[in-house]
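Trainee: Structure file model_7.txt, compact mmCIF, C-alpha atoms (C1' of nucleotides), is pasted below:
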```txt
# COMPACT_ATOMS: atom_id res chain seq x y z
CA MET A 612 11.79 54.14 109.43
CA ALA A 613 10.05 51.04 108.11
CA ARG A 614 9.70 47.31 108.33
CA PRO A 615 13.04 45.53 107.99
CA ARG A 616 13.70 42.47 105.81
CA GLN A 617 13.09 39.14 107.45
CA PHE A 618 15.73 37.40 105.36
CA ASP A 619 19.32 37.83 104.30
CA GLU A 620 19.69 38.84 100.68
CA GLY A 621 22.97 37.01 100.30
CA GLN A 622 21.48 33.79 101.61
CA ALA A 623 18.60 34.17 99.17
CA VAL A 624 21.02 34.60 96.27
CA ASP A 625 22.93 31.56 97.46
CA ALA A 626 19.79 29.44 97.64
CA ALA A 627 18.67 30.63 94.21
CA MET A 628 22.12 29.80 92.88
CA ARG A 629 21.74 26.21 94.03
CA ALA A 630 18.33 25.95 92.39
CA PHE A 631 19.60 27.28 89.06
CA TRP A 632 22.68 25.11 89.38
CA ALA A 633 20.63 21.97 89.78
CA GLY A 634 17.97 22.74 87.21
CA GLY A 635 19.28 25.23 84.70
CA TYR A 636 17.74 28.61 83.95
CA GLU A 637 14.69 27.74 81.88
CA ALA A 638 13.73 24.67 83.86
CA THR A 639 13.82 26.50 87.19
CA SER A 640 10.49 28.24 87.78
CA THR A 641 9.89 31.22 90.02
CA GLN A 642 7.96 28.84 92.25
CA ASP A 643 11.07 26.67 92.50
CA LEU A 644 12.96 29.79 93.53
CA CYS A 645 10.39 30.55 96.21
CA ASP A 646 10.70 27.02 97.54
CA ALA A 647 14.49 27.07 97.43
CA THR A 648 14.84 30.42 99.14
CA GLY A 649 11.90 29.98 101.48
CA LEU A 650 10.62 33.40 100.41
CA GLY A 651 7.31 34.49 99.02
CA ARG A 652 6.95 35.85 95.51
CA SER A 653 6.60 39.37 96.81
CA SER A 654 9.85 39.26 98.70
CA ILE A 655 11.67 37.98 95.67
CA TYR A 656 10.20 40.50 93.27
CA ASN A 657 10.63 43.27 95.80
CA THR A 658 14.31 42.44 96.11
CA PHE A 659 15.20 41.40 92.56
CA LYS A 660 13.91 42.88 89.35
CA SER A 661 13.07 39.59 87.68
CA LYS A 662 13.98 35.95 87.39
CA HIS A 663 16.66 36.96 84.93
CA ASP A 664 18.08 39.53 87.31
CA LEU A 665 18.17 36.99 90.11
CA PHE A 666 19.94 34.57 87.82
CA GLY A 667 22.55 37.21 87.09
CA ARG A 668 23.07 37.72 90.81
CA ALA A 669 23.27 33.97 91.38
CA LEU A 670 25.76 33.48 88.57
CA SER A 671 27.92 36.35 89.81
CA HIS A 672 27.84 34.85 93.29
CA TYR A 673 28.89 31.48 91.91
CA ILE A 674 31.69 32.96 89.84
CA GLU A 675 32.93 34.98 92.76
CA ALA A 676 33.11 31.92 95.00
CA VAL A 677 34.50 29.39 92.54
CA SER A 678 36.91 31.56 90.62
CA GLY A 679 38.02 33.11 93.89
CA ARG A 680 39.07 29.73 95.22
CA GLN A 681 40.72 28.83 91.95
CA ILE A 682 42.72 32.02 91.74
CA GLU A 683 43.75 31.59 95.35
CA LEU A 684 45.16 28.21 94.39
CA LEU A 685 46.92 29.62 91.34
CA ASP A 686 48.46 32.45 93.35
CA GLY A 687 49.84 30.03 95.94
CA GLU A 688 53.42 28.87 96.43
CA VAL A 689 53.01 25.32 95.13
CA PRO A 690 54.89 24.25 91.97
CA VAL A 691 52.83 25.18 88.92
CA ARG A 692 52.33 21.62 87.76
CA GLU A 693 50.86 20.76 91.16
CA LYS A 694 48.53 23.70 90.91
CA PHE A 695 47.15 22.50 87.61
CA ARG A 696 46.95 18.91 88.75
CA THR A 697 44.94 20.00 91.78
CA LEU A 698 42.77 22.26 89.66
CA LEU A 699 41.93 19.63 87.07
CA LEU A 700 41.48 16.78 89.52
CA GLN A 701 39.09 18.97 91.46
CA VAL A 702 37.01 19.24 88.30
CA VAL A 703 37.07 15.46 88.01
CA ASP A 704 35.97 15.01 91.63
CA ASP A 705 33.31 17.61 91.09
CA GLU A 706 31.85 15.87 88.07
CA CYS A 707 32.09 12.41 89.56
CA GLY A 708 30.51 13.60 92.80
CA ASP A 709 27.25 15.50 93.05
CA ARG A 710 26.85 15.55 89.26
CA LEU A 711 25.80 19.19 89.31
CA GLY A 712 28.77 20.24 87.25
CA CYS A 713 29.70 23.89 86.95
CA LEU A 714 27.07 26.61 86.88
CA ALA A 715 29.26 28.81 84.70
CA VAL A 716 29.66 26.11 82.07
CA ASN A 717 25.96 25.28 82.23
CA ALA A 718 25.03 28.93 81.84
CA GLY A 719 27.47 29.39 78.98
CA ILE A 720 25.99 26.53 77.03
CA GLU A 721 22.35 27.25 77.83
CA LEU A 722 22.37 31.03 77.62
CA ALA A 723 25.53 32.75 76.42
CA SER A 724 24.63 32.80 72.75
CA HIS A 725 21.27 34.49 73.40
CA ASP A 726 21.98 36.50 76.53
CA PRO A 727 24.57 39.30 76.30
CA GLU A 728 24.49 39.93 80.03
CA VAL A 729 25.38 36.34 80.86
CA ALA A 730 27.93 36.31 78.06
CA GLY A 731 29.54 39.41 79.55
CA LEU A 732 29.76 37.91 83.03
CA LEU A 733 31.33 34.75 81.66
CA LYS A 734 33.75 36.62 79.43
CA ARG A 735 35.07 38.67 82.32
CA ASP A 736 35.45 35.53 84.40
CA TYR A 737 37.17 33.75 81.53
CA ASP A 738 39.72 36.53 81.15
CA ARG A 739 40.31 36.69 84.87
CA ARG A 740 40.95 32.98 85.22
CA VAL A 741 43.14 32.72 82.15
CA GLU A 742 45.18 35.66 83.36
CA ALA A 743 45.72 33.99 86.74
CA MET A 744 46.80 30.83 84.94
CA ARG A 745 49.15 32.77 82.71
CA GLU A 746 50.80 34.38 85.70
CA ALA A 747 51.18 31.00 87.39
CA ILE A 748 52.84 29.66 84.25
CA GLU A 749 55.18 32.62 84.01
CA ALA A 750 56.14 32.01 87.62
CA GLY A 751 56.66 28.35 86.73
CA LYS A 752 59.00 29.37 83.94
CA ARG A 753 61.03 31.49 86.33
CA ALA A 754 61.16 28.55 88.73
CA GLY A 755 62.38 26.26 85.96
CA ASP A 756 59.25 24.08 86.02
CA ILE A 757 58.11 25.14 82.56
CA ALA A 758 60.40 25.40 79.54
CA PRO A 759 61.15 29.09 78.94
CA GLY A 760 60.21 28.88 75.27
CA ARG A 761 56.57 27.97 75.92
CA ASP A 762 53.81 30.47 75.23
CA ALA A 763 52.32 31.07 78.68
CA LEU A 764 49.08 32.56 77.37
CA ALA A 765 48.51 29.65 75.00
CA LEU A 766 49.10 27.18 77.81
CA ALA A 767 46.68 29.09 80.01
CA HIS A 768 43.97 28.94 77.37
CA PHE A 769 44.77 25.27 76.95
CA ILE A 770 44.36 24.40 80.61
CA HIS A 771 41.20 26.43 80.85
CA ALA A 772 39.72 24.66 77.83
CA MET A 773 40.77 21.37 79.37
CA SER A 774 38.78 22.14 82.45
CA GLY A 775 35.64 22.75 80.41
CA GLY A 776 36.38 19.71 78.30
CA LEU A 777 36.50 17.47 81.34
CA ARG A 778 33.06 18.69 82.34
CA VAL A 779 31.56 18.09 78.91
CA ALA A 780 33.18 14.66 78.72
CA ALA A 781 31.78 13.75 82.13
CA ARG A 782 28.28 14.74 81.04
CA GLY A 783 28.77 12.76 77.87
CA GLY A 784 29.43 9.60 79.80
CA ALA A 785 33.15 9.48 80.50
CA ASP A 786 34.00 7.64 83.70
CA ARG A 787 36.54 8.65 86.31
CA ALA A 788 39.34 6.59 84.79
CA ALA A 789 38.88 8.28 81.42
CA LEU A 790 38.84 11.73 83.02
CA GLU A 791 41.98 10.99 85.01
CA ALA A 792 43.70 9.81 81.86
CA VAL A 793 42.78 13.10 80.23
CA VAL A 794 44.21 15.02 83.16
CA ALA A 795 47.46 13.06 82.99
CA THR A 796 47.75 13.70 79.27
CA ALA A 797 47.06 17.39 79.68
CA LEU A 798 49.63 17.76 82.46
CA ALA A 799 52.22 15.97 80.37
CA ALA A 800 51.69 18.59 77.68
CA LEU A 801 52.92 21.44 79.87
CA MET B 1032 -6.09 2.36 52.34
CA ALA B 1033 -6.04 5.82 53.89
CA ARG B 1034 -4.86 9.37 53.56
CA PRO B 1035 -1.08 9.59 53.09
CA ARG B 1036 1.22 11.95 54.92
CA GLN B 1037 1.70 15.34 53.32
CA PHE B 1038 5.21 15.72 54.74
CA ASP B 1039 8.44 13.81 55.01
CA GLU B 1040 9.12 12.55 58.51
CA GLY B 1041 12.88 12.85 58.07
CA GLN B 1042 12.58 16.46 56.99
CA ALA B 1043 10.40 17.17 60.02
CA VAL B 1044 13.00 15.64 62.34
CA ASP B 1045 15.69 17.69 60.64
CA ALA B 1046 13.72 20.92 61.05
CA ALA B 1047 12.98 20.11 64.69
CA MET B 1048 16.67 19.39 65.20
CA ARG B 1049 17.55 22.88 64.00
CA ALA B 1050 14.99 24.41 66.32
CA PHE B 1051 16.30 22.52 69.36
CA TRP B 1052 19.85 23.27 68.29
CA ALA B 1053 19.22 26.99 68.20
CA GLY B 1054 17.09 27.24 71.31
CA GLY B 1055 17.80 24.30 73.59
CA TYR B 1056 15.22 21.82 74.82
CA GLU B 1057 13.32 23.75 77.47
CA ALA B 1058 13.29 27.03 75.60
CA THR B 1059 11.89 25.50 72.42
CA SER B 1060 8.11 25.30 72.66
CA THR B 1061 5.87 22.93 70.74
CA GLN B 1062 4.64 26.00 68.88
CA ASP B 1063 8.23 26.73 67.85
CA LEU B 1064 8.41 23.16 66.58
CA CYS B 1065 5.23 23.66 64.55
CA ASP B 1066 6.67 26.83 63.04
CA ALA B 1067 10.04 25.23 62.33
CA THR B 1068 8.61 22.11 60.72
CA GLY B 1069 5.67 23.83 59.04
CA LEU B 1070 3.38 21.19 60.52
CA GLY B 1071 0.28 21.47 62.65
CA ARG B 1072 0.17 20.21 66.21
CA SER B 1073 -1.85 17.19 65.17
CA SER B 1074 0.68 16.09 62.61
CA ILE B 1075 3.47 16.35 65.12
CA TYR B 1076 1.65 14.52 67.90
CA ASN B 1077 0.34 11.96 65.44
CA THR B 1078 3.89 11.23 64.30
CA PHE B 1079 5.87 11.64 67.53
CA LYS B 1080 4.82 10.65 70.99
CA SER B 1081 5.80 13.89 72.67
CA LYS B 1082 8.16 16.83 72.60
CA HIS B 1083 10.65 14.68 74.45
CA ASP B 1084 10.33 11.88 71.93
CA LEU B 1085 10.84 14.31 69.07
CA PHE B 1086 13.91 15.67 70.80
CA GLY B 1087 15.30 12.17 71.05
CA ARG B 1088 14.74 11.68 67.34
CA ALA B 1089 16.32 15.05 66.58
CA LEU B 1090 19.35 14.34 68.75
CA SER B 1091 19.82 10.91 67.20
CA HIS B 1092 19.61 12.48 63.76
CA TYR B 1093 22.23 15.05 64.72
CA ILE B 1094 24.55 12.46 66.21
CA GLU B 1095 24.19 10.25 63.17
CA ALA B 1096 25.12 13.07 60.81
CA VAL B 1097 27.92 14.69 62.80
CA SER B 1098 29.58 11.60 64.23
CA GLY B 1099 29.23 9.90 60.88
CA ARG B 1100 31.25 12.62 59.21
CA GLN B 1101 33.79 12.62 62.00
CA ILE B 1102 34.31 8.88 61.91
CA GLU B 1103 34.62 9.02 58.14
CA LEU B 1104 37.47 11.49 58.62
CA LEU B 1105 39.10 9.32 61.28
CA ASP B 1106 38.87 6.21 59.11
CA GLY B 1107 40.54 7.98 56.15
CA GLU B 1108 44.08 7.60 54.88
CA VAL B 1109 45.45 10.94 56.06
CA PRO B 1110 48.23 11.02 58.70
CA VAL B 1111 46.68 10.89 62.17
CA ARG B 1112 47.96 14.27 63.23
CA GLU B 1113 46.26 15.81 60.20
CA LYS B 1114 43.05 14.06 61.10
CA PHE B 1115 43.01 15.57 64.55
CA ARG B 1116 44.06 18.98 63.29
CA THR B 1117 41.17 18.94 60.84
CA LEU B 1118 38.79 17.67 63.48
CA LEU B 1119 39.67 20.29 66.07
CA LEU B 1120 39.89 23.20 63.64
CA GLN B 1121 36.46 22.24 62.38
CA VAL B 1122 35.18 22.70 65.91
CA VAL B 1123 36.83 26.11 66.00
CA ASP B 1124 35.26 27.13 62.69
CA ASP B 1125 31.97 25.83 63.93
CA GLU B 1126 32.03 27.87 67.09
CA CYS B 1127 33.32 31.00 65.41
CA GLY B 1128 30.73 30.72 62.66
CA ASP B 1129 27.01 30.35 63.22
CA ARG B 1130 27.48 30.25 67.02
CA LEU B 1131 25.05 27.38 67.36
CA GLY B 1132 27.69 25.11 68.77
CA CYS B 1133 27.09 21.39 69.03
CA LEU B 1134 23.67 19.98 69.82
CA ALA B 1135 25.20 16.97 71.56
CA VAL B 1136 27.22 19.15 73.92
CA ASN B 1137 24.25 21.41 74.53
CA ALA B 1138 22.02 18.44 75.27
CA GLY B 1139 24.63 16.89 77.54
CA ILE B 1140 24.91 20.01 79.65
CA GLU B 1141 21.22 20.87 79.71
CA LEU B 1142 19.72 17.41 80.07
CA ALA B 1143 22.10 14.49 80.62
CA SER B 1144 22.08 14.62 84.40
CA HIS B 1145 18.27 14.48 84.57
CA ASP B 1146 17.39 12.52 81.45
CA PRO B 1147 18.60 8.91 81.23
CA GLU B 1148 17.46 8.54 77.64
CA VAL B 1149 19.52 11.50 76.48
CA ALA B 1150 22.42 10.35 78.66
CA GLY B 1151 22.25 6.95 76.97
CA LEU B 1152 22.31 8.39 73.48
CA LEU B 1153 25.29 10.56 74.34
CA LYS B 1154 27.14 7.77 76.07
CA ARG B 1155 26.85 5.49 73.05
CA ASP B 1156 28.03 8.29 70.80
CA TYR B 1157 30.90 9.09 73.16
CA ASP B 1158 32.11 5.50 73.10
CA ARG B 1159 31.78 5.28 69.35
CA ARG B 1160 33.78 8.42 68.70
CA VAL B 1161 36.49 7.62 71.22
CA GLU B 1162 36.84 4.16 69.73
CA ALA B 1163 37.27 5.62 66.23
CA MET B 1164 39.90 7.97 67.61
CA ARG B 1165 41.68 5.14 69.38
CA GLU B 1166 41.85 3.14 66.16
CA ALA B 1167 43.20 6.15 64.29
CA ILE B 1168 45.89 6.55 66.92
CA GLU B 1169 46.81 2.89 66.79
CA ALA B 1170 47.13 3.23 63.02
CA GLY B 1171 49.29 6.30 63.61
CA LYS B 1172 51.54 4.29 65.88
CA ARG B 1173 51.96 1.64 63.20
CA ALA B 1174 52.76 4.40 60.69
CA GLY B 1175 55.35 5.87 63.02
CA ASP B 1176 53.45 9.12 63.55
CA ILE B 1177 52.77 8.46 67.24
CA ALA B 1178 55.34 7.14 69.68
CA PRO B 1179 54.64 3.44 70.27
CA GLY B 1180 54.68 3.84 74.05
CA ARG B 1181 51.69 6.21 74.16
CA ASP B 1182 48.37 5.02 75.53
CA ALA B 1183 46.06 5.23 72.53
CA LEU B 1184 42.86 5.13 74.58
CA ALA B 1185 44.05 7.90 76.88
CA LEU B 1186 44.97 10.05 73.91
CA ALA B 1187 41.57 9.40 72.37
CA HIS B 1188 39.81 10.52 75.52
CA PHE B 1189 42.09 13.52 75.59
CA ILE B 1190 41.29 14.64 72.07
CA HIS B 1191 37.61 14.09 72.61
CA ALA B 1192 37.66 16.16 75.78
CA MET B 1193 39.62 18.81 73.91
CA SER B 1194 36.86 19.05 71.37
CA GLY B 1195 34.26 19.69 74.05
CA GLY B 1196 36.61 22.06 75.82
CA LEU B 1197 36.98 24.20 72.72
CA ARG B 1198 33.21 24.55 72.57
CA VAL B 1199 32.86 25.54 76.19
CA ALA B 1200 35.72 27.99 75.86
CA ALA B 1201 34.12 29.56 72.80
CA ARG B 1202 30.85 30.03 74.67
CA GLY B 1203 32.77 31.49 77.56
CA GLY B 1204 34.23 34.21 75.38
CA ALA B 1205 37.43 32.81 73.89
CA ASP B 1206 38.24 34.31 70.50
CA ARG B 1207 39.51 32.47 67.45
CA ALA B 1208 43.17 33.13 68.23
CA ALA B 1209 42.79 31.62 71.69
CA LEU B 1210 41.01 28.57 70.31
CA GLU B 1211 43.66 28.05 67.66
CA ALA B 1212 46.36 28.29 70.30
CA VAL B 1213 44.55 25.58 72.24
CA VAL B 1214 44.41 23.38 69.17
CA ALA B 1215 48.12 23.84 68.53
CA THR B 1216 48.94 22.97 72.14
CA ALA B 1217 46.73 19.90 72.05
CA LEU B 1218 48.26 18.64 68.81
CA ALA B 1219 51.74 19.14 70.20
CA ALA B 1220 50.78 16.83 73.06
CA LEU B 1221 50.26 13.82 70.80
C1' DC C 183 -18.99 6.14 44.02
C1' DT C 184 -18.68 4.58 48.82
C1' DC C 185 -16.71 2.85 52.77
C1' DG C 186 -12.87 2.52 56.02
C1' DT C 187 -8.86 4.66 57.55
C1' DT C 188 -5.64 8.11 58.39
C1' DT C 189 -4.16 12.89 58.41
C1' DT C 190 -5.01 17.46 59.22
C1' DG C 191 -6.65 22.04 61.11
C1' DT C 192 -8.70 24.14 64.87
C1' DA C 193 -10.41 24.66 69.15
C1' DC C 194 -9.64 23.45 73.53
C1' DT C 195 -7.86 21.29 77.99
C1' DG C 196 -5.99 22.17 82.71
C1' DA C 197 -1.62 23.38 84.29
C1' DT C 198 1.90 26.37 84.83
C1' DC C 199 4.55 30.38 83.42
C1' DA C 200 6.64 35.10 85.02
C1' DA C 201 5.05 38.96 87.00
C1' DT C 202 1.74 42.25 89.42
C1' DC C 203 -1.67 44.00 92.75
C1' DC C 204 -3.27 44.97 97.08
C1' DA C 205 -4.22 44.94 101.68
C1' DA C 206 -2.59 43.24 106.16
C1' DA C 207 1.35 43.08 109.11
C1' DA C 208 5.51 44.83 110.92
C1' DT C 209 8.74 48.15 112.12
C1' DC C 210 10.98 52.76 113.16
C1' DA C 211 10.91 57.75 114.13
C1' DT C 212 8.40 60.81 116.48
C1' DA D 915 0.62 55.33 120.68
C1' DT D 916 0.53 57.32 115.91
C1' DG D 917 1.90 57.86 111.26
C1' DA D 918 5.00 56.98 107.53
C1' DT D 919 7.15 53.35 105.17
C1' DT D 920 8.35 48.96 103.85
C1' DT D 921 7.79 43.94 103.69
C1' DT D 922 4.95 40.22 103.28
C1' DG D 923 1.36 36.68 101.95
C1' DG D 924 -2.00 35.45 98.93
C1' DA D 925 -4.94 36.16 95.26
C1' DT D 926 -4.73 37.18 90.60
C1' DT D 927 -3.13 38.63 85.95
C1' DG D 928 -2.92 37.29 80.92
C1' DA D 929 0.16 34.52 78.40
C1' DT D 930 1.91 30.42 77.30
C1' DC D 931 2.89 25.58 78.28
C1' DA D 932 2.48 20.47 76.54
C1' DG D 933 -0.86 17.71 75.05
C1' DT D 934 -5.80 16.19 73.51
C1' DA D 935 -10.49 16.03 71.31
C1' DC D 936 -12.99 16.13 67.41
C1' DA D 937 -14.74 16.68 63.06
C1' DA D 938 -13.70 17.77 58.33
C1' DA D 939 -10.79 16.58 54.61
C1' DA D 940 -8.18 13.45 51.80
C1' DC D 941 -6.93 9.39 50.15
C1' DG D 942 -6.89 3.90 48.76
C1' DA D 943 -9.48 -0.24 48.21
C1' DG D 944 -13.57 -2.41 46.80
```
Show me this structure written as structure tokens.
Mentor:
Amino acid sequence: MARPRQFDEGQAVDAAMRAFWAGGYEATSTQDLCDATGLGRSSIYNTFKSKHDLFGRALSHYIEAVSGRQIELLDGEVPVREKFRTLLLQVVDDECGDRLGCLAVNAGIELASHDPEVAGLLKRDYDRRVEAMREAIEAGKRAGDIAPGRDALALAHFIHAMSGGLRVAARGGADRAALEAVVATALAAL
Amino acid sequence: MARPRQFDEGQAVDAAMRAFWAGGYEATSTQDLCDATGLGRSSIYNTFKSKHDLFGRALSHYIEAVSGRQIELLDGEVPVREKFRTLLLQVVDDECGDRLGCLAVNAGIELASHDPEVAGLLKRDYDRRVEAMREAIEAGKRAGDIAPGRDALALAHFIHAMSGGLRVAARGGADRAALEAVVATALAAL
DNA sequence: CTCGTTTTGTACTGATCAATCCAAAATCAT
DNA sequence: ATGATTTTGGATTGATCAGTACAAAACGAG
């Protein structure tokens, strides 16, 4: 009935995600988004309402991918301590590697206090991840890996905060050895 | 010999700091800085080299004030566990209050990976704070409040990361109860 | 008071910002 | 092929960006 799109919307969102991830929201211009996606302005504005809308799509895409993998890990059959060790050391590798950090953390710091939509996305993701952690801890208690008296929800919040803390510390100048020491200390607290 | 300044440079830096704190670096325009300081563009550019230079001054001012207070607390005569409880609960109050968060964390996430000058400022501050924490822990070991076998430096990195983690968690949607549970868990790990 | 020096207010720079407009190109149903 | 419909590229919008130019104003030294 009409001319079809010459690009894949999902690929465009993914490319935009990488641009926002590397540069942050404010510092990434619509021109940067055109370059990153390979699309013209018209195609972008015909597909997405605005830069802000595209950012929302990109952030959702990121959250879906990253939290999906994390929850998959947490739902696995490994002992709970191993799950958390893997999870936290992955954050360390992440921060010591490409230095991009975590788009969700970046967005939370840059935007959450002024942008209810972003805050909402992050809040839902936060709850989802903490809940998966809580369930993993409860399973760990049943398996005898975690003392039955511990508050699973509190531990879940603790590990989640630890993950963000590692990222902030890395940006603040902590080296790999320091981050690994933090991970070891956190795991010993379980 | 010439016309004197009609404003106090320190007050201008302080006002600029608040503007950057509330809005971030990119999102704060030079016009915002004029409004916040009450100065004209000429006065600002005659006093500071650039927006970036003023940000550096503002960040240094923030670090000086905040880390100064924190190190004062750590150098005090209170039991070490109390020091860290106070320190972490202050972060919680901070994040649950005005919602501005911490300029150093904000700057680290928004700028550190692209801005060596900011990264340098944060790195020096990181080292200084961790060192103060390490000394407080060593003192705690001598006082019998911390088991002598613990690695003081690792614990210092841990508490510092915890502080950043609380801030990220708060931005991500964690409520006061969750943050306080995290603090309790972290303190129990000492 | 006058000269030399600095600050200050205002106007302005070119660049870039997010977003829109419009006509040409492309496609599908007929 | 034709017509209806959508995408696309490119020019363009007015606003705003960081930073500068310049002259008037304000002061201290002599």
Trainee: Give as a VMD selection string every residue of chain B that touches chain C within 9 Å, counting only C-alpha atoms (C1' of nucleotides).
Mentor: chain B and resid 1032 to 1037 1071 to 1074 1077
Trainee: Keeping C-alpha atoms for every residue in the selection just given, could you write it to a file as a CSV table (one decimal), in the frame of the given file?
Mentor:
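Result file out-v8.csv:
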```
chain,number,residue,atom,x,y,z
B,1032,MET,CA,-6.1,2.4,52.3
B,1033,ALA,CA,-6.0,5.8,53.9
B,1034,ARG,CA,-4.9,9.4,53.6
B,1035,PRO,CA,-1.1,9.6,53.1
B,1036,ARG,CA,1.2,12.0,54.9
B,1037,GLN,CA,1.7,15.3,53.3
B,1071,GLY,CA,0.3,21.5,62.6
B,1072,ARG,CA,0.2,20.2,66.2
B,1073,SER,CA,-1.8,17.2,65.2
B,1074,SER,CA,0.7,16.1,62.6
B,1077,ASN,CA,0.3,12.0,65.4
```
Trainee: At what distance in Å, to one decimal, does atom CA of A:Ala772 lie from atom CA of B:Ala1174?
Mentor: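 Distance reported for this atom pair: 29.6 Å.
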Trainee: What box, with edges along x, y and z, holds each listed atom of stretch 1085-1098 of chain B when 8 Å is added on every side, and can you state its centre and edge lengths in Å to one decimal, as lines of an AutoDock Vina configuration file?
Mentor:
```
center_x = 20.2
center_y = 13.0
center_z = 65.9
size_x = 34.7
size_y = 21.4
size_z = 26.2
```
Trainee: Which value, in Å to one decimal, gives the distance between atom CA of B:Ala1138 and atom CA of B:Leu1085?
Mentor: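 Atom CA of B:Leu1085 lies 13.4 Å from atom CA of B:Ala1138.
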Trainee: Per residue of chain D within 8 Å of chain A, which atom pair is closest and at what distance in Å (one decimal), using all atoms listed in the file, listed by chain and increasing number, as a tab-separated table?
Mentor:
```
residue	atom	partner	partner_atom	distance
D:DA918	C1'	A:Met612	CA	7.6
D:DT919	C1'	A:Ala613	CA	4.7
D:DT920	C1'	A:Arg614	CA	5.0
D:DT921	C1'	A:Arg614	CA	6.0
D:DT922	C1'	A:Ser653	CA	6.7
D:DG923	C1'	A:Gly651	CA	7.0
```
Trainee: May I have the residues of chain A within 6 Å of chain B, counting only C-alpha atoms, written as a PyMOL selection string?
Mentor: chain A and resi 717+719-720+733-734+765+769+772-773+775-777+779-780+782-784+792-793+800
Trainee: Work out how far apart atom CA of A:Gly621 and atom CA of A:Glu675 are and give it in Å to one decimal.
Mentor: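 Here the two named atoms are 12.7 Å from each other.
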Trainee: Determine, counting only C-alpha atoms (C1' of nucleotides), every residue of protein, DNA or RNA that lies within 10 Å of (9.4, 11.7, 78.9) in the file coordinates, then give the result as an NGL selection string.
Mentor: :B and (1080-1084 or 1087 or 1146-1148)
Trainee: May I have the residues within 10 Å of A:Ala750 as a list in words, using all atoms listed in the file and disregarding those fewer than 5 positions away in the same chain?
Mentor: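 Non-adjacent residues within range: Asp686, Glu688, Pro690, Val691, Met744, Arg745, Gly755, Asp756, Ile757 and Ala763 of chain A.
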